[in-house]
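A.B. asks: This is the content of work-v1.txt (compact mmCIF, C-alpha atoms):
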# COMPACT_ATOMS: atom_id res chain seq x y z
CA MET A 1 -140.46 -19.73 -94.56
CA ASN A 2 -142.15 -22.30 -92.37
CA HIS A 3 -141.50 -25.72 -93.88
CA THR A 4 -144.34 -27.61 -92.24
CA ASP A 5 -147.24 -25.59 -93.56
CA SER A 6 -145.95 -24.15 -96.83
CA HIS A 7 -144.49 -27.09 -98.75
CA PRO A 8 -146.57 -28.33 -101.68
CA ALA A 9 -148.55 -31.56 -101.34
CA TYR A 10 -146.46 -33.32 -104.00
CA LEU A 11 -143.17 -32.76 -102.11
CA ALA A 12 -142.33 -35.85 -100.05
CA HIS A 13 -141.02 -35.25 -96.53
CA HIS A 14 -137.58 -36.79 -97.08
CA PHE A 15 -136.61 -34.26 -99.77
CA VAL A 16 -135.24 -30.78 -99.09
CA ASP A 17 -137.06 -29.18 -101.99
CA VAL A 18 -138.89 -29.85 -105.22
CA SER A 19 -135.82 -29.76 -107.45
CA GLN A 20 -133.97 -32.29 -105.27
CA GLN A 21 -136.99 -34.58 -105.44
CA ARG A 22 -137.17 -34.26 -109.23
CA ASP A 23 -133.43 -34.86 -109.71
CA SER A 24 -133.52 -37.98 -107.51
CA ALA A 25 -136.49 -39.38 -109.43
CA LYS A 26 -134.84 -38.76 -112.78
CA LEU A 27 -131.53 -40.28 -111.66
CA GLY A 28 -133.43 -43.39 -110.54
CA MET A 29 -135.19 -43.54 -113.91
CA TRP A 30 -131.91 -43.24 -115.81
CA ILE A 31 -130.39 -46.05 -113.77
CA PHE A 32 -133.44 -48.17 -114.63
CA ILE A 33 -132.91 -47.27 -118.30
CA MET A 34 -129.30 -48.42 -117.90
CA THR A 35 -130.49 -51.87 -116.76
CA GLU A 36 -132.89 -51.96 -119.72
CA ILE A 37 -130.06 -51.19 -122.15
CA LEU A 38 -128.09 -54.09 -120.65
CA LEU A 39 -131.14 -56.42 -120.74
CA PHE A 40 -131.62 -55.82 -124.46
CA GLY A 41 -127.83 -55.61 -124.90
CA GLY A 42 -127.53 -59.28 -123.96
CA LEU A 43 -130.07 -60.14 -126.67
CA PHE A 44 -128.26 -57.94 -129.21
CA THR A 45 -125.06 -59.84 -128.36
CA ALA A 46 -126.86 -63.17 -128.91
CA TYR A 47 -128.14 -61.82 -132.24
CA THR A 48 -124.60 -60.87 -133.28
CA ILE A 49 -123.16 -64.28 -132.35
CA PHE A 50 -125.81 -66.25 -134.26
CA ARG A 51 -125.54 -63.90 -137.23
CA ILE A 52 -121.75 -64.35 -137.42
CA LEU A 53 -122.10 -68.14 -137.13
CA ASN A 54 -124.92 -68.37 -139.72
CA PRO A 55 -124.52 -65.41 -142.13
CA ASP A 56 -126.24 -67.00 -145.15
CA MET A 57 -129.16 -68.39 -143.16
CA PHE A 58 -129.76 -64.99 -141.50
CA HIS A 59 -129.71 -63.31 -144.90
CA ASN A 60 -132.22 -65.81 -146.35
CA ALA A 61 -134.49 -65.76 -143.28
CA HIS A 62 -134.67 -61.96 -142.87
CA LYS A 63 -136.26 -61.67 -146.34
CA HIS A 64 -139.36 -63.31 -144.83
CA LEU A 65 -139.99 -60.28 -142.59
CA ASP A 66 -142.27 -57.60 -144.08
CA ILE A 67 -140.20 -54.41 -144.57
CA THR A 68 -143.34 -52.33 -145.24
CA LEU A 69 -144.98 -53.31 -141.94
CA GLY A 70 -141.67 -52.80 -140.13
CA THR A 71 -141.25 -49.32 -141.62
CA VAL A 72 -144.84 -48.36 -140.78
CA ASN A 73 -144.28 -49.52 -137.20
CA THR A 74 -141.08 -47.45 -137.00
CA ILE A 75 -142.98 -44.35 -138.16
CA VAL A 76 -145.77 -45.12 -135.65
CA LEU A 77 -143.33 -45.36 -132.73
CA ILE A 78 -141.38 -42.23 -133.70
CA THR A 79 -144.66 -40.31 -133.97
CA SER A 80 -145.69 -41.59 -130.53
CA SER A 81 -142.34 -40.33 -129.16
CA VAL A 82 -143.10 -36.87 -130.58
CA THR A 83 -146.62 -36.86 -129.12
CA ILE A 84 -145.50 -37.84 -125.60
CA ALA A 85 -142.74 -35.20 -125.73
CA LEU A 86 -145.39 -32.64 -126.71
CA ALA A 87 -147.68 -33.92 -123.91
CA ILE A 88 -144.97 -33.17 -121.34
CA ARG A 89 -144.21 -29.79 -122.90
CA SER A 90 -147.91 -28.87 -122.76
CA MET A 91 -147.91 -29.60 -119.03
CA GLN A 92 -144.75 -27.51 -118.59
CA VAL A 93 -146.62 -24.52 -120.00
CA GLY A 94 -149.76 -25.38 -118.03
CA LYS A 95 -152.03 -26.63 -120.84
CA ARG A 96 -153.56 -29.64 -119.10
CA LYS A 97 -156.19 -30.42 -121.76
CA VAL A 98 -153.60 -30.42 -124.56
CA THR A 99 -151.53 -32.83 -122.45
CA LEU A 100 -154.53 -35.16 -122.25
CA VAL A 101 -155.01 -35.04 -126.03
CA PHE A 102 -151.35 -35.86 -126.70
CA LEU A 103 -151.33 -38.67 -124.12
CA PHE A 104 -154.38 -40.23 -125.80
CA CYS A 105 -152.59 -39.91 -129.18
CA THR A 106 -149.56 -41.73 -127.73
CA LEU A 107 -151.76 -44.49 -126.33
CA ALA A 108 -153.54 -44.91 -129.68
CA LEU A 109 -150.23 -45.08 -131.56
CA ALA A 110 -148.92 -47.70 -129.10
CA ALA A 111 -152.06 -49.75 -129.72
CA ALA A 112 -151.60 -49.35 -133.50
CA PHE A 113 -148.05 -50.69 -133.15
CA LEU A 114 -149.32 -53.78 -131.34
CA VAL A 115 -152.09 -54.36 -133.91
CA ILE A 116 -149.54 -54.33 -136.76
CA LYS A 117 -147.27 -56.60 -134.71
CA TYR A 118 -150.22 -58.95 -134.18
CA PHE A 119 -150.76 -59.27 -137.95
CA GLU A 120 -147.04 -59.98 -138.47
CA TYR A 121 -146.99 -62.59 -135.71
CA SER A 122 -150.17 -64.36 -136.84
CA HIS A 123 -148.84 -64.59 -140.41
CA LYS A 124 -145.67 -66.26 -139.11
CA PHE A 125 -147.64 -68.59 -136.83
CA HIS A 126 -149.71 -69.57 -139.86
CA LEU A 127 -146.59 -70.37 -141.95
CA GLY A 128 -144.85 -72.21 -139.10
CA GLN A 129 -141.99 -69.70 -138.95
CA LEU A 130 -141.66 -70.23 -135.22
CA PRO A 131 -138.83 -70.52 -132.71
CA GLY A 132 -136.93 -73.72 -131.93
CA LYS A 133 -138.73 -77.03 -132.20
CA TYR A 134 -142.00 -75.37 -133.27
CA TYR A 135 -140.44 -74.31 -136.59
CA THR A 136 -142.16 -76.20 -139.44
CA TYR A 137 -141.59 -73.89 -142.43
CA THR A 138 -139.49 -75.38 -145.25
CA GLY A 139 -138.89 -72.42 -147.60
CA ILE A 140 -135.62 -71.03 -146.14
CA ALA A 141 -132.25 -72.34 -147.30
CA GLY A 142 -129.35 -72.66 -144.87
CA ASN A 143 -128.57 -74.31 -141.56
CA ASN A 144 -131.05 -74.11 -138.67
CA PRO A 145 -133.32 -71.24 -139.85
CA HIS A 146 -135.36 -71.69 -136.66
CA ILE A 147 -132.54 -69.84 -134.85
CA PHE A 148 -133.40 -66.62 -136.69
CA PHE A 149 -137.03 -66.87 -135.61
CA SER A 150 -136.04 -67.70 -132.02
CA ILE A 151 -134.06 -64.42 -132.00
CA TYR A 152 -136.83 -62.53 -133.81
CA PHE A 153 -139.61 -63.62 -131.46
CA THR A 154 -137.51 -63.18 -128.31
CA MET A 155 -136.40 -59.64 -129.17
CA THR A 156 -139.64 -58.32 -130.67
CA GLY A 157 -141.66 -60.19 -128.02
CA LEU A 158 -139.75 -58.60 -125.14
CA HIS A 159 -140.08 -55.24 -126.89
CA ALA A 160 -143.85 -55.78 -127.29
CA LEU A 161 -144.07 -56.52 -123.53
CA HIS A 162 -142.38 -53.15 -122.96
CA ILE A 163 -144.98 -51.50 -125.23
CA ILE A 164 -147.77 -53.09 -123.15
CA ALA A 165 -146.13 -51.95 -119.89
CA GLY A 166 -145.78 -48.46 -121.40
CA MET A 167 -149.46 -48.41 -122.33
CA ILE A 168 -150.39 -49.27 -118.74
CA VAL A 169 -148.20 -46.45 -117.39
CA ILE A 170 -149.49 -43.95 -119.98
CA SER A 171 -153.07 -44.90 -119.03
CA LEU A 172 -152.19 -44.20 -115.40
CA MET A 173 -150.74 -40.81 -116.44
CA ILE A 174 -153.98 -40.01 -118.33
CA TYR A 175 -155.94 -40.84 -115.16
CA ARG A 176 -153.67 -38.70 -112.96
CA THR A 177 -153.73 -35.79 -115.42
CA PHE A 178 -157.51 -36.10 -115.56
CA ARG A 179 -157.63 -36.00 -111.76
CA ASN A 180 -155.65 -32.74 -111.88
CA GLN A 181 -152.62 -34.15 -110.05
CA PHE A 182 -150.07 -32.45 -112.33
CA SER A 183 -149.28 -28.81 -113.00
CA ALA A 184 -146.60 -26.61 -114.57
CA GLU A 185 -144.78 -26.88 -111.21
CA TYR A 186 -145.05 -30.65 -110.79
CA TYR A 187 -145.05 -33.15 -113.67
CA THR A 188 -142.16 -35.53 -112.76
CA PRO A 189 -144.19 -38.77 -113.26
CA LEU A 190 -145.10 -37.56 -116.76
CA GLU A 191 -141.45 -36.82 -117.48
CA LEU A 192 -140.33 -40.28 -116.30
CA THR A 193 -143.05 -41.93 -118.40
CA GLY A 194 -141.69 -39.97 -121.36
CA LEU A 195 -138.15 -41.19 -120.68
CA TYR A 196 -139.36 -44.81 -120.58
CA TRP A 197 -141.37 -44.42 -123.77
CA HIS A 198 -138.44 -42.86 -125.65
CA LEU A 199 -136.28 -45.81 -124.53
CA VAL A 200 -138.82 -48.24 -126.02
CA ASP A 201 -138.63 -46.17 -129.21
CA VAL A 202 -134.80 -46.27 -129.29
CA ILE A 203 -134.77 -50.06 -128.83
CA TRP A 204 -137.11 -50.42 -131.81
CA ILE A 205 -134.88 -48.03 -133.81
CA TYR A 206 -132.15 -50.69 -133.46
CA LEU A 207 -134.39 -53.76 -133.79
CA PHE A 208 -135.92 -52.60 -137.07
CA PRO A 209 -132.75 -52.40 -139.23
CA LEU A 210 -131.05 -55.39 -137.56
CA LEU A 211 -133.99 -57.76 -138.07
CA TYR A 212 -135.92 -56.39 -141.07
CA LEU A 213 -133.27 -54.69 -143.21
CA ILE A 214 -129.93 -56.48 -142.92
CA GLY A 215 -130.84 -59.75 -141.16
CA MET B 1 -146.81 -20.53 -105.10
CA GLU B 2 -143.95 -19.20 -102.99
CA THR B 3 -142.02 -22.45 -103.55
CA ARG B 4 -141.87 -21.76 -107.28
CA THR B 5 -139.11 -19.22 -106.81
CA LYS B 6 -136.90 -21.92 -105.22
CA GLU B 7 -137.03 -24.08 -108.33
CA PRO B 8 -134.53 -23.62 -111.12
CA ALA B 9 -136.55 -23.04 -114.27
CA ALA B 10 -136.95 -26.35 -116.14
CA HIS B 11 -135.93 -26.25 -119.78
CA ILE B 12 -138.95 -25.96 -122.04
CA THR B 13 -138.10 -27.18 -125.53
CA PRO B 14 -139.84 -25.22 -128.32
CA VAL B 15 -142.45 -27.21 -130.28
CA ARG B 16 -140.45 -26.41 -133.43
CA VAL B 17 -137.47 -28.44 -132.12
CA TYR B 18 -139.62 -31.52 -131.38
CA LEU B 19 -141.20 -31.39 -134.84
CA THR B 20 -137.84 -30.87 -136.59
CA VAL B 21 -136.26 -33.82 -134.74
CA GLY B 22 -139.34 -35.95 -135.53
CA LEU B 23 -139.04 -35.04 -139.22
CA ALA B 24 -135.31 -35.88 -139.17
CA LEU B 25 -136.15 -39.28 -137.66
CA PHE B 26 -138.70 -39.96 -140.44
CA LEU B 27 -136.16 -39.02 -143.12
CA LEU B 28 -133.45 -41.19 -141.53
CA THR B 29 -135.91 -44.11 -141.43
CA ALA B 30 -136.56 -43.67 -145.16
CA LEU B 31 -132.80 -43.42 -145.76
CA THR B 32 -131.97 -46.62 -143.86
CA VAL B 33 -134.64 -48.54 -145.83
CA LYS B 34 -133.31 -47.19 -149.16
CA VAL B 35 -129.69 -47.97 -148.27
CA SER B 36 -130.60 -51.53 -147.22
CA LEU B 37 -131.98 -52.19 -150.72
CA ILE B 38 -128.59 -51.42 -152.30
CA HIS B 39 -126.15 -54.32 -152.08
CA LEU B 40 -123.03 -53.13 -150.22
CA GLY B 41 -121.93 -56.28 -148.40
CA THR B 42 -120.57 -55.55 -144.93
CA TRP B 43 -121.23 -51.84 -145.44
CA ASN B 44 -124.98 -52.52 -145.30
CA ALA B 45 -124.64 -53.52 -141.64
CA ILE B 46 -122.32 -50.60 -140.87
CA ALA B 47 -124.64 -48.09 -142.57
CA ALA B 48 -127.71 -49.52 -140.79
CA LEU B 49 -126.02 -49.32 -137.37
CA ALA B 50 -124.65 -45.82 -138.05
CA ILE B 51 -128.09 -44.48 -139.04
CA ALA B 52 -129.75 -46.25 -136.08
CA SER B 53 -127.18 -44.73 -133.71
CA LEU B 54 -127.75 -41.26 -135.15
CA LYS B 55 -131.50 -41.69 -134.64
CA GLY B 56 -130.95 -42.96 -131.10
CA LEU B 57 -128.69 -39.99 -130.38
CA LEU B 58 -131.35 -37.53 -131.63
CA VAL B 59 -134.01 -39.16 -129.42
CA ALA B 60 -131.72 -39.18 -126.36
CA LEU B 61 -130.45 -35.60 -126.77
CA PHE B 62 -133.72 -33.86 -127.64
CA PHE B 63 -136.68 -36.05 -126.63
CA MET B 64 -135.03 -37.39 -123.46
CA HIS B 65 -133.56 -33.93 -122.72
CA LEU B 66 -130.00 -35.24 -122.21
CA LEU B 67 -128.71 -32.12 -123.95
CA TYR B 68 -130.35 -29.75 -121.44
CA ASP B 69 -130.40 -31.84 -118.26
CA LYS B 70 -127.73 -32.43 -115.62
CA LYS B 71 -124.69 -34.19 -117.03
CA ILE B 72 -124.93 -36.97 -114.43
CA TYR B 73 -127.69 -38.60 -116.57
CA MET B 74 -125.30 -38.60 -119.53
CA VAL B 75 -122.71 -40.33 -117.30
CA VAL B 76 -125.23 -43.05 -116.40
CA VAL B 77 -126.06 -43.72 -120.07
CA SER B 78 -122.37 -43.72 -121.00
CA VAL B 79 -121.59 -46.28 -118.31
CA ALA B 80 -124.34 -48.53 -119.69
CA LEU B 81 -122.98 -48.20 -123.22
CA ILE B 82 -119.39 -48.84 -122.11
CA ILE B 83 -120.45 -52.02 -120.26
CA LEU B 84 -122.40 -53.12 -123.34
CA GLY B 85 -119.32 -52.40 -125.47
CA ILE B 86 -117.17 -54.59 -123.21
CA LEU B 87 -119.78 -57.38 -123.37
CA ILE B 88 -120.00 -57.34 -127.16
CA GLY B 89 -116.27 -56.64 -127.66
CA LEU B 90 -115.01 -59.52 -125.53
CA THR B 91 -117.66 -61.88 -126.94
CA MET B 92 -116.61 -61.01 -130.49
CA ALA B 93 -112.93 -61.46 -129.57
CA ASP B 94 -113.92 -65.02 -128.66
CA ILE B 95 -116.35 -65.85 -131.48
CA LEU B 96 -114.30 -64.35 -134.32
CA ARG B 97 -110.86 -65.67 -133.29
CA ARG B 98 -111.75 -69.16 -132.01
CA GLY B 99 -110.21 -70.85 -135.06
CA ASP B 100 -106.80 -69.35 -134.18
CA ILE B 101 -106.52 -71.47 -131.04
CA TYR B 102 -108.51 -74.66 -131.53
CA GLU B 103 -107.59 -77.21 -134.12
CA TYR B 104 -111.19 -78.31 -134.54
CA GLN B 105 -113.95 -76.09 -135.93
CA ALA B 106 -117.55 -76.47 -134.80
CA HIS B 107 -119.10 -79.44 -136.57
CA PRO B 108 -122.27 -81.51 -136.31
CA ILE B 109 -122.28 -84.26 -133.70
CA LYS B 110 -121.33 -87.53 -135.47
CA PRO B 111 -123.61 -90.52 -134.99
CA GLU B 112 -120.63 -92.71 -134.06
CA ALA B 113 -119.46 -90.30 -131.37
CA ARG B 114 -118.60 -92.14 -128.15
CA ILE B 115 -119.34 -90.43 -124.89
CA TYR B 116 -118.89 -93.41 -122.55
CA ASP B 117 -115.62 -94.96 -121.49
CA ALA B 118 -115.52 -98.57 -122.69
CA ALA B 119 -112.65 -99.38 -120.31
CA ARG B 120 -115.04 -98.83 -117.38
CA GLY B 121 -117.36 -101.43 -118.89
CA ASP B 122 -119.92 -98.73 -119.71
CA THR B 123 -121.02 -99.55 -123.26
CA ALA B 124 -124.47 -97.98 -123.23
CA GLY B 125 -123.50 -95.19 -125.62
CA VAL B 126 -121.34 -97.23 -127.98
CA HIS B 127 -122.80 -97.91 -131.40
CA GLU B 128 -122.46 -101.39 -132.79
CA HIS B 129 -120.14 -100.64 -135.69
CA ASP B 130 -118.03 -98.50 -133.40
CA ALA B 131 -117.59 -101.25 -130.83
CA ALA B 132 -116.64 -103.68 -133.57
CA GLY B 133 -113.95 -101.73 -135.44
CA ASN B 134 -112.85 -98.41 -134.06
CA GLU B 135 -112.48 -99.12 -130.37
CA SER B 136 -108.69 -99.54 -130.40
CA GLU B 137 -108.18 -96.28 -132.31
CA THR B 138 -109.79 -94.01 -129.74
CA THR B 139 -108.09 -93.77 -126.39
CA PRO B 140 -109.66 -91.86 -123.50
CA GLN B 141 -106.92 -89.20 -123.75
CA GLU B 142 -107.83 -88.51 -127.37
CA SER B 143 -111.52 -88.18 -126.70
CA ASP B 144 -110.70 -85.74 -123.90
CA SER B 145 -108.89 -83.48 -126.37
CA HIS B 146 -112.04 -83.35 -128.52
CA HIS B 147 -114.09 -81.58 -125.85
Will you turn the file into structure tokens for me?
C.D. replies:
Amino acid sequence: MNHTDSHPAYLAHHFVDVSQQRDSAKLGMWIFIMTEILLFGGLFTAYTIFRILNPDMFHNAHKHLDITLGTVNTIVLITSSVTIALAIRSMQVGKRKVTLVFLFCTLALAAAFLVIKYFEYSHKFHLGQLPGKYYTYTGIAGNNPHIFFSIYFTMTGLHALHIIAGMIVISLMIYRTFRNQFSAEYYTPLELTGLYWHLVDVIWIYLFPLLYLIG
Amino acid sequence: METRTKEPAAHITPVRVYLTVGLALFLLTALTVKVSLIHLGTWNAIAALAIASLKGLLVALFFMHLLYDKKIYMVVVSVALIILGILIGLTMADILRRGDIYEYQAHPIKPEARIYDAARGDTAGVHEHDAAGNESETTPQESDSHH
């Protein structure tokens, strides 16, 4: 087989074959996911420290988060994880149009998550339940309740930034799928986008009980 | 098309598996909310973390294909989790056992606290009542031990 004229357009020159290229890309993505786990891990550690030092205040403050909205957002993100998994599967079996539909579903669910988050944030801004020196609310007993909202806004805010980044990448994937750049033989960028999106889902799976349920 | 034969067939998960895992995640979400409404003390936190970890495991194994993919990806995730465990473990060993070593617990900063050494003639930080009465009681060595 003559390498120079028979290799597919999506195979970069520095890879031996398609499977080596895909494995390298996925390994790189998993290492990136590792750094993301450690990024959020630092914040989870900070959460644990402040919770141990202020157990009563955390318990009182967490009651001011809306469990219903938090649960709905959890369902929204899990559903979006299912739709992006199905989008990739559709491409694996060569159904490009179904992939597009599922990618649009994922994008819409991500937007729904942010809209719900916006309502939660604006309610807290209105009440003055804000981080650090901006905290003006008076209805929470215990020492330094602003610490809880510093943690809450830092963790959910960083997570929301990840949602926005994910939406940008998913939009790019919709564009590339639309331009017919993926097939049953080549869909690695879609797969990596899926990995990232599932990570964002897993982080929320931990944020939701720690902030909304047990405080 | 001839390159297709060189590729190992990628695992294609049946739709049924994705939907079943999704349903399990919904049910576990409902469960963790229900459990949090029952008062169990410390067990509330343990139950919440256990359910969250089960959900995370389901997402990683099935949605992120860790179960079917090369094991090297599982090694990468494990390394991340081990490092995170060391971070949280050592931090907790500090935070939870601090009282065993230090005589003084964390307390609010007292208004009469002196942070300048009067012997050097630096009295900017000394409060009036402090300078009047308590100066002889606090030697520099003692204030060092309070740090």
A.B. asks: Near range 72-74 of chain A, within 12 Å and counting only C-alpha atoms, which residues show up once chain neighbours fewer than 5 positions away are dropped, as a CSV table (one decimal) with C-alpha atoms, keeping the file's coordinate frame?
C.D. replies:
chain,number,residue,atom,x,y,z
A,66,ASP,CA,-142.3,-57.6,-144.1
A,67,ILE,CA,-140.2,-54.4,-144.6
A,79,THR,CA,-144.7,-40.3,-134.0
A,80,SER,CA,-145.7,-41.6,-130.5
A,81,SER,CA,-142.3,-40.3,-129.2
A,109,LEU,CA,-150.2,-45.1,-131.6
A,110,ALA,CA,-148.9,-47.7,-129.1
A,111,ALA,CA,-152.1,-49.8,-129.7
A,112,ALA,CA,-151.6,-49.4,-133.5
A,113,PHE,CA,-148.0,-50.7,-133.2
A,114,LEU,CA,-149.3,-53.8,-131.3
A,115,VAL,CA,-152.1,-54.4,-133.9
A,116,ILE,CA,-149.5,-54.3,-136.8
A,117,LYS,CA,-147.3,-56.6,-134.7
A,118,TYR,CA,-150.2,-59.0,-134.2
A,119,PHE,CA,-150.8,-59.3,-138.0
A,120,GLU,CA,-147.0,-60.0,-138.5
A,156,THR,CA,-139.6,-58.3,-130.7
A,160,ALA,CA,-143.8,-55.8,-127.3
A,200,VAL,CA,-138.8,-48.2,-126.0
A,201,ASP,CA,-138.6,-46.2,-129.2
A,202,VAL,CA,-134.8,-46.3,-129.3
A,203,ILE,CA,-134.8,-50.1,-128.8
A,204,TRP,CA,-137.1,-50.4,-131.8
A,205,ILE,CA,-134.9,-48.0,-133.8
A,206,TYR,CA,-132.2,-50.7,-133.5
A,207,LEU,CA,-134.4,-53.8,-133.8
A,208,PHE,CA,-135.9,-52.6,-137.1
A,209,PRO,CA,-132.8,-52.4,-139.2
A,212,TYR,CA,-135.9,-56.4,-141.1
B,22,GLY,CA,-139.3,-36.0,-135.5
B,25,LEU,CA,-136.2,-39.3,-137.7
B,26,PHE,CA,-138.7,-40.0,-140.4
B,27,LEU,CA,-136.2,-39.0,-143.1
B,28,LEU,CA,-133.4,-41.2,-141.5
B,29,THR,CA,-135.9,-44.1,-141.4
B,30,ALA,CA,-136.6,-43.7,-145.2
B,32,THR,CA,-132.0,-46.6,-143.9
B,33,VAL,CA,-134.6,-48.5,-145.8
B,52,ALA,CA,-129.8,-46.2,-136.1
B,55,LYS,CA,-131.5,-41.7,-134.6
A.B. asks: Can you work out which residues from chain B touch chain A at a cut-off of 7 Å (counting all atoms listed in the file) and hand them back as a list of chain:residue names?
C.D. replies: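 Listing them in order of chain and number gives B:Glu7, B:Ile12, B:Tyr18, B:Gly22, B:Phe26, B:Val33, B:Ser36, B:Asn44, B:Ala45, B:Ala48, B:Ala52, B:Gly56, B:Val59, B:Phe63, B:Met64, B:Tyr73, B:Val76, B:Val77, B:Ala80, B:Leu84, B:Ile88.
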A.B. asks: To one decimal place, how far is CA of Leu58 in chain B from CA of His62 in chain A in Å?
C.D. replies: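 That distance, rounded to one decimal, is 27.1 Å.
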A.B. asks: In Å, how far is it from CA of Tyr187 in chain A to CA of Leu172 in chain A?
C.D. replies: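 So the two atoms, CA of Tyr187 in chain A and CA of Leu172 in chain A, lie 13.3 Å apart.
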A.B. asks: Do you have the CA of Leu130 in chain A-CA of Trp43 in chain B distance handy?
C.D. replies: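 According to the coordinates, CA of Leu130 in chain A and CA of Trp43 in chain B are separated by 29.3 Å.
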A.B. asks: So, counting all atoms listed in the file, which residue among A:Ala141, A:Ile151, A:Leu103, A:Ala165 is closest to Met91 in chain A?
C.D. replies: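 Residue with the minimum atom-to-atom distance to Met91 in chain A: A:Leu103.
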A.B. asks: May I ask which of the residues A:Ala87, A:Val98, A:Thr188, A:His59 is the closest one to Thr13 in chain B, counting all atoms listed in the file?
C.D. replies: A:Ala87
A.B. asks: How big is the axis-aligned box around the listed atoms of range 51-65 of chain B once 3 Å is added on each side, and where is its centre? Give both in Å to one decimal, as JSON.
C.D. replies:
{"center_x": -131.9, "center_y": -40.1, "center_z": -130.9, "size_x": 15.5, "size_y": 18.4, "size_z": 22.3}
A.B. asks: Nearest residue to Thr136 in chain A out of A:Phe149, A:Phe58, A:Tyr121, A:Tyr10, using all atoms listed in the file?
C.D. replies: A:Phe149
A.B. asks: Starting from the point (-126.3, -26.6, -118.5), work out which residues of protein, DNA or RNA have an atom no more than 12 Å away when counting all atoms listed in the file; state them as a ChimeraX atom specification.
C.D. replies: /B:8-11,65-72
